[in-house]
Structure formats: structure tokens, C-alpha cells
Amino acid sequence: MTNLFFDSSAIVKRYVREIGTNFVEGLTDLKSGNLVMLSRITRVEVTAAIARRLKNGSITAADAQSALAAFQHDLANNYFTVEITPVLLS
């Protein structure tokens, strides 16, 4: 098992198809055994990124709703949230 920290721009690729989606899906698949860690602010940033994609028309309302639901599920069940501290930032 590997501990992996994802920033918002990386983890959003799991929920909205774009370059890098397949790579991120492989790393975050439960079968990989990897531990996925996100900062607490990632919830807000991913939600905003999905909303931007909806606003610019690159995804549909149904796709946005599905992406947000999947992200919220994974956030609650499959990811670990870490606090932003001076140690994390160094």
C-alpha cells in the first residue's frame, strides 16, 4: 500500500473526464490498495471545479450532479482528510 496525497486539480480527474483521468482512476481504485489523502479544502475546490465545468458547458447538469455525488461518497468512505498545518506545508 502506498500513501498518496492528491490536490484538487488531480482528484477532480476521477470525477470529470479529462487528460489524466485514466491515470488517476488507476491510482485511486480501491483494488490498488493505495491510501488516498486530501486536504480539508479539497471538498470546496472540487465542488467549485465541477461547477465551473457545468457553467462553461463542458459537462451537463446530470454529469455534474453525478460527479458531485460520487465525490461526496468517496470523500466520506474512501479518502482520508488531512488538516493543513505548517508541517504539511513544509
# chains A, B, ... in the order shown; residues from 1 in each chain; ligands from 1
>>> residues_around(residues="Asp29 of chain A", least_positions_apart="6", cutoff="10 Å", atoms="only C-alpha atoms", output="list in words")
Arg14, Leu35, Val36 and Asn78 of chain A
>>> select_by_dssp(residues="chain A", states="helix (DSSP H, G or I)", output="number ranges by chain")
A: 8-14, 21-28, 30-32, 42-55, 61-77, 86-89
>>> select_by_dssp(residues="chain A", states="strand (DSSP E)", output="MDAnalysis selection string")
chainID A and resid 3:5 35:39 79:82
>>> residues_around(residues="Ile50 of chain A", least_positions_apart="6", cutoff="9 Å", atoms="only C-alpha atoms", output="CSV table (one decimal) with C-alpha atoms, in the first residue's frame")
chain,number,residue,atom,x,y,z
A,12,VAL,CA,-11.1,16.1,-9.9
A,15,TYR,CA,-15.0,12.7,-11.5
A,16,VAL,CA,-14.7,14.7,-14.7
A,59,ILE,CA,-20.4,18.9,-18.7
A,64,ALA,CA,-22.2,17.5,-12.6
A,65,GLN,CA,-24.7,16.0,-10.1
A,67,ALA,CA,-19.7,13.7,-10.2
A,68,LEU,CA,-20.6,15.6,-7.0
>>> closest_residue(among="A:Ser90, A:Ser9, A:Thr85, A:Gln72", to="Arg43 of chain A", atoms="only C-alpha atoms")
A:Gln72
>>> residues_around(residues="segment 74-76 of chain A", least_positions_apart="3", cutoff="12 Å", atoms="only C-alpha atoms", output="list in words")
Ile11, Val12, Arg14, Tyr15, Thr28, Asp29, Leu30, Val36, Met37, Leu38, Ser39, Arg40, Ile41, Thr42, Arg43, Val44, Val46, Thr47, Ala67, Leu68, Ala69, Ala70, Phe71, Tyr79, Phe80, Thr81 and Val82 of chain A
>>> closest_residue(among="A:Ala51, A:Ala10, A:Gly26, A:Ile19", to="Asp63 of chain A", atoms="only C-alpha atoms")
A:Ala51
